[in-house]
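Working notes, structure below.
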Amino acid sequence: MTKVASAEAIEKAKKDLIDNVKKALSLGEIKQILEDQHNLEISDDIEVNQGEIVIHNNRVVYKMEFEVLLSLSVLLDDEGNYIPPEDTPEESIEQLGSQAEDIVGQM
């Protein structure tokens with residue numbers, strides 16, 4: 001096979017293209033898409049981890065992978081038992097304290 005281009009030059013060109021796509025991304029819009037798609041709240045700290053050029057529906061597209069920080073919570077009772085989200089309406093101690101103050105104030 002006759003080599004007509006440098007493999008290193010082609011790899012550098014692909015890397016440069018992915019880097020330019022990364023720079024062009026609206027991370028706010030990406031954050032919103034990820035939140036909607038995965039039904040999660042994502043912090044504003046979102047980074048493009050890596051990217052690659054792939055074929056999708058007979059088109060050249062860019063697959064971008066993101067690293068995000070999530071804030072997740074788990075409920076457990078005072079005996080250490082997990083409480084599934086569907087078993088709550090969850091109220092915080094602050095909300096309950098405020099409600100108690102209102103009740104006492106009405107007496």
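Naming scheme: A, B, ... for chains in displayed order of the structure tokens; residues 1 onward per chain; ligands 1 onward as shown.
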Would you return as a compact mmCIF listing (two decimals) with C-alpha atoms, in the first residue's frame the members of stretch 31-93 of chain A that DSSP assigns to strand (DSSP E) on this structure's backbone?
# COMPACT_ATOMS: atom_id res chain seq x y z
CA ILE A 42 -26.49 18.56 37.15
CA SER A 43 -24.19 21.17 38.68
CA ASP A 44 -22.77 23.95 36.53
CA ASP A 45 -19.40 22.17 36.64
CA ILE A 46 -19.58 20.34 33.29
CA GLU A 47 -16.56 19.42 31.20
CA VAL A 48 -16.10 17.86 27.81
CA ASN A 49 -14.19 14.68 28.58
CA GLN A 50 -13.43 13.54 25.06
CA GLY A 51 -14.84 13.49 21.58
CA GLU A 52 -14.66 11.38 18.48
CA ILE A 53 -15.85 11.41 14.90
CA VAL A 54 -18.45 8.69 14.17
CA ILE A 55 -21.00 7.77 11.51
CA HIS A 56 -24.71 8.09 12.45
CA ARG A 59 -23.59 11.09 8.27
CA VAL A 60 -20.35 12.12 9.89
CA VAL A 61 -21.19 13.35 13.42
CA TYR A 62 -19.29 14.17 16.58
CA LYS A 63 -19.77 12.07 19.70
CA MET A 64 -18.92 14.18 22.73
CA GLU A 65 -18.57 12.70 26.21
CA PHE A 66 -19.10 14.89 29.24
CA GLU A 67 -18.03 14.70 32.84
CA VAL A 68 -20.56 16.19 35.22
CA LEU A 69 -21.02 16.51 38.95
CA LEU A 70 -24.35 15.35 40.29
CA LEU A 75 -33.41 8.96 52.46
CA LEU A 76 -32.88 6.64 55.39
CA TYR A 82 -33.42 3.01 52.97
CA ILE A 83 -36.64 4.88 52.17
Could you find all residues in stretch 17-49 of chain A that DSSP calls helix (DSSP H, G or I) from the backbone, and write them as a PyMOL selection string?
chain A and resi 17-24+27-38
What is the distance, in Å and to one decimal place, between atom CA of A:Glu35 and atom CA of A:Asn57?
24.9 Å
Separation of atom CA of A:Asn20 from atom CA of A:Gln37 in Å
24.8 Å
May I ask for the distance between atom CA of A:Lys14 and atom CA of A:Glu29, given in Å to one decimal place?
24.3 Å
